[in-house]
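A short worksheet on the structure shown next.
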Amino acid sequence: MARLLKSERLKSRDRIQEIFSGNSERVGKYPLLLFYTKSDEASASSFQVLFSVSKRNFPRAVDRNTMKRRMREAFRANKTALNDLLPLNNQLALAVIYTGKELSSVDSLSNTFSKLYEILAQRLSEIN
RNA sequence: GGGACGAAUCGGUCUAUCGCCAGGAAAACAUCCUGGAGGAAAGUCCGGGCAACGCAGGGCAAUGCACCCUGAGAAAAUCAGGGGAUUAAAGUUGUAAAGCUUUAAGACAGCAAGUGUAGCAGAAAAUAACCGCCUCGUUUCGGGGUAAGGGUGAAAAUGUGGAGUAAGAGACCACGGGUUUAGACGGUAACGUUUAAAUGGUACAAACCUUGCAUGUUGAAAGACCAAGUAAACCUUAGUUAUGGAGUUGCCCGCUCCUUGCUUCGGCAACUAAGGAGGGUAGGUUGAUUGAUCCAUGGGGCGACCCCUGGACCAGAUAAAUGAUAGACAUUCAAACCUUGUGUUUGGAUACAGAACCCGGCUUACAGAUUUGUCCCUUUU
RNA sequence: UGCCCUGUGGUGUAACUGGAAACAUGUGAGAUUUCGACUCUCGUGACACGGGUUCGACUCCUGUCAGGGCAA
């Protein structure tokens with residue numbers, strides 16, 4: 001099974017600012033919304049990801065934590081599919097936002113991720 | 001046996017597979033081992049530790065707390081034990097005012113220091129005459145006396161009886177009750193019991209206020225170190241240059257510091273205020289997890305809690321770990337079945353809620369289980 | 001994480017330190033008009049929730065809930 005390493009988590013404040021400044025590409029499939037930007041910097045991993053859940057949709061901290069954990073688990077399950085479609089020597093910064101207002105199971109989130117990757121693969125090939 | 005309300009304690013367990021965070025094994029994102037949310041982690045309502053800045057001293061202001069005593073505690077709008085008044089409910093004594101007993105409650109200092117407020121109703125809401133009563137006169141009316149009786153109201157000027165009077169009244173007397181002061185006895189004390197003297201006073205301080213006590217401000221996005229960078233920079237306008245400027249918690253007094261300019265007379269320099277145009281950092285380590293800590297034996301105390309001895313190390317992340325899936329068990333609810341057993345099968349439910357520097361409290365949320373107190377219902381003896 | 005503020009009709013605001021809730025707009029019915037607009041008349045509709053102080057609370061105090069703001 002694929003692992004999700006600490007170096008694959010997005011932590012740099014600059015990169016996060018870049019994603020949410022409005023210049024990033026955007027892919028959506030309910031209940032998930034994916035922001036991403038590309039950079040040419042070579043690094044250990046081919047992507048970095050962060051997960052976010054709105055306090056407006058989930059006022060209680062317990063629910064927010066649960067949804068972030070489930071998103072992380074579903075992302076981890078689909079990690080090999082993402083690695084296949086990414087080109088080498090490019091780094092992708094991803095921000096996954098949960099836009100639903102009710103809790104979802106890991107299975108449905110996993111399905112959503114695989115559909116998201118199909119759309120993402122199309123977009124990337126168009127650009128290239 | 002059941003139910004309601006209150007209080008205290010606990011608040012799911014195990015297995016498999018795949019993962020996340022921290023520490024250790026010389027090093028590593030591989031491998032192995034160890035550990036990994038709460039009683040409220042919550043609200044941010046109090047009190048501290050810790051840190052930076054400030055601080056000769058005095059006054060005012062502001063804010064908070066305050067029923068009292070003894071004890072516990074680092075402290076607290078904290079805790080334990082006790083005492084008093086008030087309010088509410090039930091019972092009871094009394095002609096009444098009011099008292100006594102039990103239970104419960106709470107943010108219980110002072111209205112007998114001053115000021116203020118008390119709508120409507122009512123004559124009058126704190127220097128009380130509407131009706132009534134008594135009396136006088138010029139008798140369908142007016143003057144005077146009167147707080148016994150009526151009516152209004154949340155509240156109407158200490159209750160009952162006596163004496164007294166034209167009629168009446170704490171104006172007077174006896175008893176009761178309220179407040180204040182002093183003495184005696186009991187108690188560590190708050191206070192209680194009792195005796196004597198004085199007094200006549202509506203309520204509201206969660207109205208201003210008064211009294212007592214306490215308080216410097218800010219808050220881990222504090223702060224320290226390393227790396228990198230550097231700006232105490234530039235422009236415009238106004239003011240000041242000594243009868244000044246700055247600092248000094250919000251204000252004042254006071255105190256401390258700077259300066260006592262240069263000049264070729266155009267300015268320069270310094271400080272302050274306002275505006276403009278720009279620039280830099282936000283990476284890492286630390287703070288930061290050994291502490292008013294937790295567990296056990298024994299001892300002291302009604303209790304809060306304390307002492308002795310021994311043992312343990314028990315989350316430490318930082319765009320933020322503590323999880324996902326499957327199964328079994330446990331508790332409980334409902335339905336079905338027949339073997340009526342604390343049976344089997346099926347289905348459902350298992351709360352409130354997630355550490356963010358750390359402790360002590362308070363408040364609020366909470367499925368279910370256990371223990372316990374009060375009340376009610378029912379059954380048996 | 002720390003600090004601070006605000007809750008009144010559907011909407012926007014009042015009620016001067018306690019005596020029972022007012023205005024504008026919206027909305028319903030009617031009048032006016034050939035029909036409609038404007039205008040006029042009569043209605044409708046609220047103190048976030050719980051507790052306390054007080055004879056009496058939108059107001060004072062307190063606890064929840066909701067909404068909002070500030071902080072290198």
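A note on labels: chains of the structure tokens are A, B, ... as shown, every chain counts residues from 1, and ligands are counted from 1 in their shown order.
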For range 103-120 of chain A: contacts at 7 Å, only C-alpha atoms (C1' of nucleotides), fewer than 2 positions along chain excluded, given as an NGL selection string: :A and (29 or 67 or 70-71 or 74-75 or 78 or 82 or 101 or 122-124)
For the selection just defined, write its residues with N, CA and C atoms to a file, as a PDB file, in the first residue's frame.
```pdb
ATOM      1  N   LYS A  29     -15.254  18.469  -8.105  1.00  0.00           N
ATOM      2  CA  LYS A  29     -16.200  17.359  -8.227  1.00  0.00           C
ATOM      3  C   LYS A  29     -16.802  17.186  -6.851  1.00  0.00           C
ATOM      4  N   MET A  67     -13.276  14.666   9.156  1.00  0.00           N
ATOM      5  CA  MET A  67     -13.314  14.791   7.697  1.00  0.00           C
ATOM      6  C   MET A  67     -11.913  14.929   7.117  1.00  0.00           C
ATOM      7  N   ARG A  70     -10.427  11.447   7.047  1.00  0.00           N
ATOM      8  CA  ARG A  70     -10.995  10.598   5.997  1.00  0.00           C
ATOM      9  C   ARG A  70     -10.484  11.018   4.627  1.00  0.00           C
ATOM     10  N   MET A  71     -10.365  12.342   4.387  1.00  0.00           N
ATOM     11  CA  MET A  71      -9.829  12.817   3.116  1.00  0.00           C
ATOM     12  C   MET A  71      -8.395  12.334   2.939  1.00  0.00           C
ATOM     13  N   ALA A  74      -8.440   8.639   2.047  1.00  0.00           N
ATOM     14  CA  ALA A  74      -8.867   8.397   0.669  1.00  0.00           C
ATOM     15  C   ALA A  74      -7.801   8.833  -0.315  1.00  0.00           C
ATOM     16  N   PHE A  75      -7.121   9.948  -0.022  1.00  0.00           N
ATOM     17  CA  PHE A  75      -6.046  10.419  -0.894  1.00  0.00           C
ATOM     18  C   PHE A  75      -4.906   9.403  -0.940  1.00  0.00           C
ATOM     19  N   ASN A  78      -5.474   6.467  -3.200  1.00  0.00           N
ATOM     20  CA  ASN A  78      -5.404   6.745  -4.631  1.00  0.00           C
ATOM     21  C   ASN A  78      -4.085   7.369  -5.049  1.00  0.00           C
ATOM     22  N   LEU A  82      -2.296   8.958  -8.935  1.00  0.00           N
ATOM     23  CA  LEU A  82      -1.833  10.323  -9.130  1.00  0.00           C
ATOM     24  C   LEU A  82      -0.385  10.347  -9.597  1.00  0.00           C
ATOM     25  N   LYS A 101     -21.573  19.769   3.219  1.00  0.00           N
ATOM     26  CA  LYS A 101     -22.012  20.207   4.548  1.00  0.00           C
ATOM     27  C   LYS A 101     -22.356  19.027   5.447  1.00  0.00           C
ATOM     28  N   GLN A 122      -6.739  15.018 -18.067  1.00  0.00           N
ATOM     29  CA  GLN A 122      -7.123  15.725 -19.292  1.00  0.00           C
ATOM     30  C   GLN A 122      -6.531  17.118 -19.335  1.00  0.00           C
ATOM     31  N   ARG A 123      -6.715  17.858 -18.248  1.00  0.00           N
ATOM     32  CA  ARG A 123      -6.228  19.230 -18.176  1.00  0.00           C
ATOM     33  C   ARG A 123      -4.715  19.288 -18.417  1.00  0.00           C
ATOM     34  N   LEU A 124      -3.994  18.392 -17.758  1.00  0.00           N
ATOM     35  CA  LEU A 124      -2.531  18.423 -17.853  1.00  0.00           C
ATOM     36  C   LEU A 124      -2.075  18.107 -19.265  1.00  0.00           C
TER      37      LEU A 124
END
```
Near-range 55-69 of chain C list (12 Å; only C-alpha atoms (C1' of nucleotides); drop same-chain fewer than 3 positions) as a VMD selection string: (chain B and resid 43 45 107 118 to 120 153 to 155 203 to 207 363 to 365) or (chain C and resid 3 to 8 14 to 21 46 to 52)
Keeping C-alpha atoms (C1' of nucleotides) for every residue in the selection just given, could you write it to a file as a tab-separated table (two decimals), in the first residue's frame?
```
chain	number	residue	atom	x	y	z
B	43	G	C1'	-16.98	28.50	27.56
B	45	C	C1'	-15.73	33.50	33.82
B	107	A	C1'	-24.16	37.73	43.65
B	118	A	C1'	-41.76	55.30	43.86
B	119	G	C1'	-46.18	55.17	37.09
B	120	C	C1'	-51.76	54.15	37.50
B	153	G	C1'	-52.55	50.51	46.40
B	154	A	C1'	-46.94	46.28	45.85
B	155	A	C1'	-46.32	49.53	50.06
B	203	A	C1'	-39.15	50.39	50.11
B	204	C	C1'	-35.12	50.44	46.48
B	205	A	C1'	-27.72	50.54	46.75
B	206	A	C1'	-28.19	43.91	40.52
B	207	A	C1'	-30.19	53.72	41.82
B	363	U	C1'	-19.73	27.38	34.74
B	364	U	C1'	-22.02	24.78	30.84
B	365	A	C1'	-22.86	19.85	27.72
C	3	C	C1'	-8.85	39.84	23.28
C	4	C	C1'	-13.43	42.70	22.35
C	5	C	C1'	-18.48	43.98	20.77
C	6	U	C1'	-23.69	43.34	19.36
C	7	G	C1'	-28.78	40.78	19.55
C	8	U	C1'	-36.32	44.89	19.30
C	14	A	C1'	-36.28	54.49	18.26
C	15	A	C1'	-37.88	54.24	23.36
C	16	C	C1'	-32.79	60.21	27.59
C	17	U	C1'	-30.32	56.06	34.33
C	18	G	C1'	-37.28	50.86	35.47
C	19	G	C1'	-44.02	52.33	34.77
C	20	A	C1'	-45.70	47.99	29.37
C	21	A	C1'	-43.13	49.14	22.97
C	46	A	C1'	-41.13	42.10	17.55
C	47	C	C1'	-37.88	42.97	22.88
C	48	A	C1'	-32.46	35.91	21.08
C	49	C	C1'	-33.30	32.06	25.25
C	50	G	C1'	-33.21	30.70	30.77
C	51	G	C1'	-32.83	32.54	35.81
C	52	G	C1'	-32.50	36.56	39.46
```
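Applying a distance limit of 7 Å to only C-alpha atoms (C1' of nucleotides), the residues of chain A near chain B read Met1, Arg3, Leu5, Lys11, Ala61, Val62, Arg69 and Glu73 of chain A.
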Expected answer as JSON, numbers by chain: strand (DSSP E or B) residues in range 71-112 of chain A: {"A": [91, 92, 93, 94, 95, 96, 97, 98]}
Any idea what's packed within 8 Å of range 329-337 of chain B, counting only C-alpha atoms (C1' of nucleotides), ignoring anything in its chain fewer than 6 positions away? Could you give it as a PDB file with N, CA and C atoms (P, O5', C5', C4', C3', O3' and C1' of nucleotides), in the first residue's frame?
```pdb
ATOM      1  P     G B  12     -14.589   5.873  27.288  1.00  0.00           P
ATOM      2  O5'   G B  12     -14.369   4.635  26.352  1.00  0.00           O
ATOM      3  C5'   G B  12     -15.470   3.850  25.920  1.00  0.00           C
ATOM      4  C4'   G B  12     -15.487   2.507  26.606  1.00  0.00           C
ATOM      5  C3'   G B  12     -14.518   1.488  26.058  1.00  0.00           C
ATOM      6  O3'   G B  12     -13.211   1.635  26.623  1.00  0.00           O
ATOM      7  C1'   G B  12     -16.660   0.522  26.261  1.00  0.00           C
ATOM      8  P     U B  13     -11.898   1.193  25.787  1.00  0.00           P
ATOM      9  O5'   U B  13     -11.960  -0.404  25.769  1.00  0.00           O
ATOM     10  C5'   U B  13     -11.716  -1.147  26.955  1.00  0.00           C
ATOM     11  C4'   U B  13     -11.838  -2.631  26.688  1.00  0.00           C
ATOM     12  C3'   U B  13     -10.944  -3.178  25.582  1.00  0.00           C
ATOM     13  O3'   U B  13      -9.616  -3.414  26.026  1.00  0.00           O
ATOM     14  C1'   U B  13     -13.140  -4.027  25.318  1.00  0.00           C
ATOM     15  P     C B  14      -8.384  -3.300  24.972  1.00  0.00           P
ATOM     16  O5'   C B  14      -8.584  -4.588  24.048  1.00  0.00           O
ATOM     17  C5'   C B  14      -8.395  -5.885  24.606  1.00  0.00           C
ATOM     18  C4'   C B  14      -8.824  -6.953  23.629  1.00  0.00           C
ATOM     19  C3'   C B  14      -8.095  -6.986  22.301  1.00  0.00           C
ATOM     20  O3'   C B  14      -6.818  -7.592  22.392  1.00  0.00           O
ATOM     21  C1'   C B  14     -10.416  -7.260  21.930  1.00  0.00           C
ATOM     22  P     G B 348     -29.071  -2.437  11.196  1.00  0.00           P
ATOM     23  O5'   G B 348     -29.525  -1.551  12.448  1.00  0.00           O
ATOM     24  C5'   G B 348     -30.382  -0.431  12.251  1.00  0.00           C
ATOM     25  C4'   G B 348     -30.880   0.139  13.560  1.00  0.00           C
ATOM     26  C3'   G B 348     -29.852   0.851  14.433  1.00  0.00           C
ATOM     27  O3'   G B 348     -29.523   2.149  13.943  1.00  0.00           O
ATOM     28  C1'   G B 348     -31.274  -0.478  15.778  1.00  0.00           C
ATOM     29  P     A B 349     -28.060   2.717  14.228  1.00  0.00           P
ATOM     30  O5'   A B 349     -28.097   3.016  15.790  1.00  0.00           O
ATOM     31  C5'   A B 349     -28.969   4.025  16.301  1.00  0.00           C
ATOM     32  C4'   A B 349     -28.928   4.057  17.806  1.00  0.00           C
ATOM     33  C3'   A B 349     -27.545   4.293  18.415  1.00  0.00           C
ATOM     34  O3'   A B 349     -27.199   5.664  18.416  1.00  0.00           O
ATOM     35  C1'   A B 349     -28.628   2.521  19.544  1.00  0.00           C
ATOM     36  P     G B 368     -29.873   7.008  28.829  1.00  0.00           P
ATOM     37  O5'   G B 368     -28.851   5.898  29.332  1.00  0.00           O
ATOM     38  C5'   G B 368     -28.841   4.610  28.719  1.00  0.00           C
ATOM     39  C4'   G B 368     -27.570   3.860  29.060  1.00  0.00           C
ATOM     40  C3'   G B 368     -27.380   3.521  30.527  1.00  0.00           C
ATOM     41  O3'   G B 368     -28.141   2.386  30.924  1.00  0.00           O
ATOM     42  C1'   G B 368     -25.360   4.376  29.642  1.00  0.00           C
TER      43        G B 368
END
```
Residues of range 22-122 of chain A in alpha helix (DSSP H), written as an NGL selection string: :A and (61-77 or 79-85 or 106-122)
Write a file of the selected residues as an mmCIF file, in the first residue's frame, keeping C-alpha atoms.
```cif
data_model
loop_
_atom_site.group_PDB
_atom_site.id
_atom_site.type_symbol
_atom_site.label_atom_id
_atom_site.label_comp_id
_atom_site.auth_asym_id
_atom_site.auth_seq_id
_atom_site.Cartn_x
_atom_site.Cartn_y
_atom_site.Cartn_z
ATOM 1 C CA ALA A 61 -13.710 20.614 15.864
ATOM 2 C CA VAL A 62 -14.456 16.902 16.159
ATOM 3 C CA ASP A 63 -16.224 16.851 12.779
ATOM 4 C CA ARG A 64 -13.483 18.876 11.089
ATOM 5 C CA ASN A 65 -10.806 16.521 12.341
ATOM 6 C CA THR A 66 -12.802 13.481 11.220
ATOM 7 C CA MET A 67 -13.314 14.791 7.697
ATOM 8 C CA LYS A 68 -9.648 15.758 7.305
ATOM 9 C CA ARG A 69 -8.612 12.276 8.408
ATOM 10 C CA ARG A 70 -10.995 10.598 5.997
ATOM 11 C CA MET A 71 -9.829 12.817 3.116
ATOM 12 C CA ARG A 72 -6.239 11.963 3.925
ATOM 13 C CA GLU A 73 -7.043 8.268 4.019
ATOM 14 C CA ALA A 74 -8.867 8.397 0.669
ATOM 15 C CA PHE A 75 -6.046 10.419 -0.894
ATOM 16 C CA ARG A 76 -3.518 7.875 0.332
ATOM 17 C CA ALA A 77 -5.486 5.043 -1.219
ATOM 18 C CA LYS A 79 -1.838 7.969 -4.466
ATOM 19 C CA THR A 80 -0.386 5.582 -7.096
ATOM 20 C CA ALA A 81 -2.931 6.751 -9.675
ATOM 21 C CA LEU A 82 -1.833 10.323 -9.130
ATOM 22 C CA ASN A 83 1.861 9.451 -9.415
ATOM 23 C CA ASP A 84 1.262 7.764 -12.786
ATOM 24 C CA LEU A 85 -0.217 10.808 -14.455
ATOM 25 C CA VAL A 106 -14.037 7.032 2.935
ATOM 26 C CA ASP A 107 -15.423 4.903 0.077
ATOM 27 C CA SER A 108 -17.353 7.735 -1.541
ATOM 28 C CA LEU A 109 -14.419 10.105 -1.104
ATOM 29 C CA SER A 110 -12.132 7.574 -2.751
ATOM 30 C CA ASN A 111 -14.445 7.356 -5.760
ATOM 31 C CA THR A 112 -14.515 11.129 -5.979
ATOM 32 C CA PHE A 113 -10.741 11.273 -6.003
ATOM 33 C CA SER A 114 -10.442 8.796 -8.888
ATOM 34 C CA LYS A 115 -12.918 10.874 -10.926
ATOM 35 C CA LEU A 116 -11.006 14.021 -10.063
ATOM 36 C CA TYR A 117 -7.807 12.463 -11.391
ATOM 37 C CA GLU A 118 -9.423 11.693 -14.744
ATOM 38 C CA ILE A 119 -10.335 15.353 -15.146
ATOM 39 C CA LEU A 120 -6.912 16.409 -13.944
ATOM 40 C CA ALA A 121 -5.155 14.130 -16.447
ATOM 41 C CA GLN A 122 -7.123 15.725 -19.292
#
```
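As for C1' of G361 in chain B and C1' of A41 in chain B, they are spaced 16.0 Å apart.
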Give me, as CSV, each residue of range 31-131 of chain B that comes within 10 Å of range 136-150 of chain B, together with its shortest interatomic pair and the distance in Å at one decimal, counting only C-alpha atoms (C1' of nucleotides), with rows ordered by chain and rising residue number.
```
residue,atom,partner,partner_atom,distance
B:A128,C1',B:A147,C1',8.9
B:A129,C1',B:U146,C1',8.7
B:C131,C1',B:G150,C1',7.5
```
Can I get the selected residues back with N, CA and C atoms (P, O5', C5', C4', C3', O3' and C1' of nucleotides), as a tab-separated table (two decimals), in the first residue's frame?
```tsv
chain	number	residue	atom	x	y	z
B	128	A	P	-47.28	65.46	57.41
B	128	A	O5'	-47.78	65.35	55.89
B	128	A	C5'	-49.10	65.70	55.56
B	128	A	C4'	-49.83	64.49	54.99
B	128	A	C3'	-51.32	64.47	55.28
B	128	A	O3'	-52.01	65.25	54.34
B	128	A	C1'	-50.35	62.31	55.57
B	129	A	P	-52.89	66.48	54.79
B	129	A	O5'	-54.30	65.76	55.02
B	129	A	C5'	-55.47	66.51	54.93
B	129	A	C4'	-56.68	65.61	54.78
B	129	A	C3'	-57.99	66.33	55.04
B	129	A	O3'	-59.02	65.72	54.26
B	129	A	C1'	-57.69	64.62	56.64
B	131	C	P	-64.80	64.77	52.77
B	131	C	O5'	-65.36	63.32	53.10
B	131	C	C5'	-66.31	62.70	52.24
B	131	C	C4'	-66.59	61.28	52.65
B	131	C	C3'	-67.12	61.08	54.06
B	131	C	O3'	-68.50	61.39	54.20
B	131	C	C1'	-65.45	59.48	53.63
```
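Our summary of the geometry notes that C1' of C305 in chain B is positioned 29.3 Å from C1' of A42 in chain B.
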Separation of CA of Ala95 in chain A from CA of Glu25 in chain A in Å: 10.6 Å
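With distances restricted to only C-alpha atoms, A:Gln48 is the closest residue to Glu8 in chain A from A:Tyr98, A:Asn57, A:Leu34, A:Gln48.
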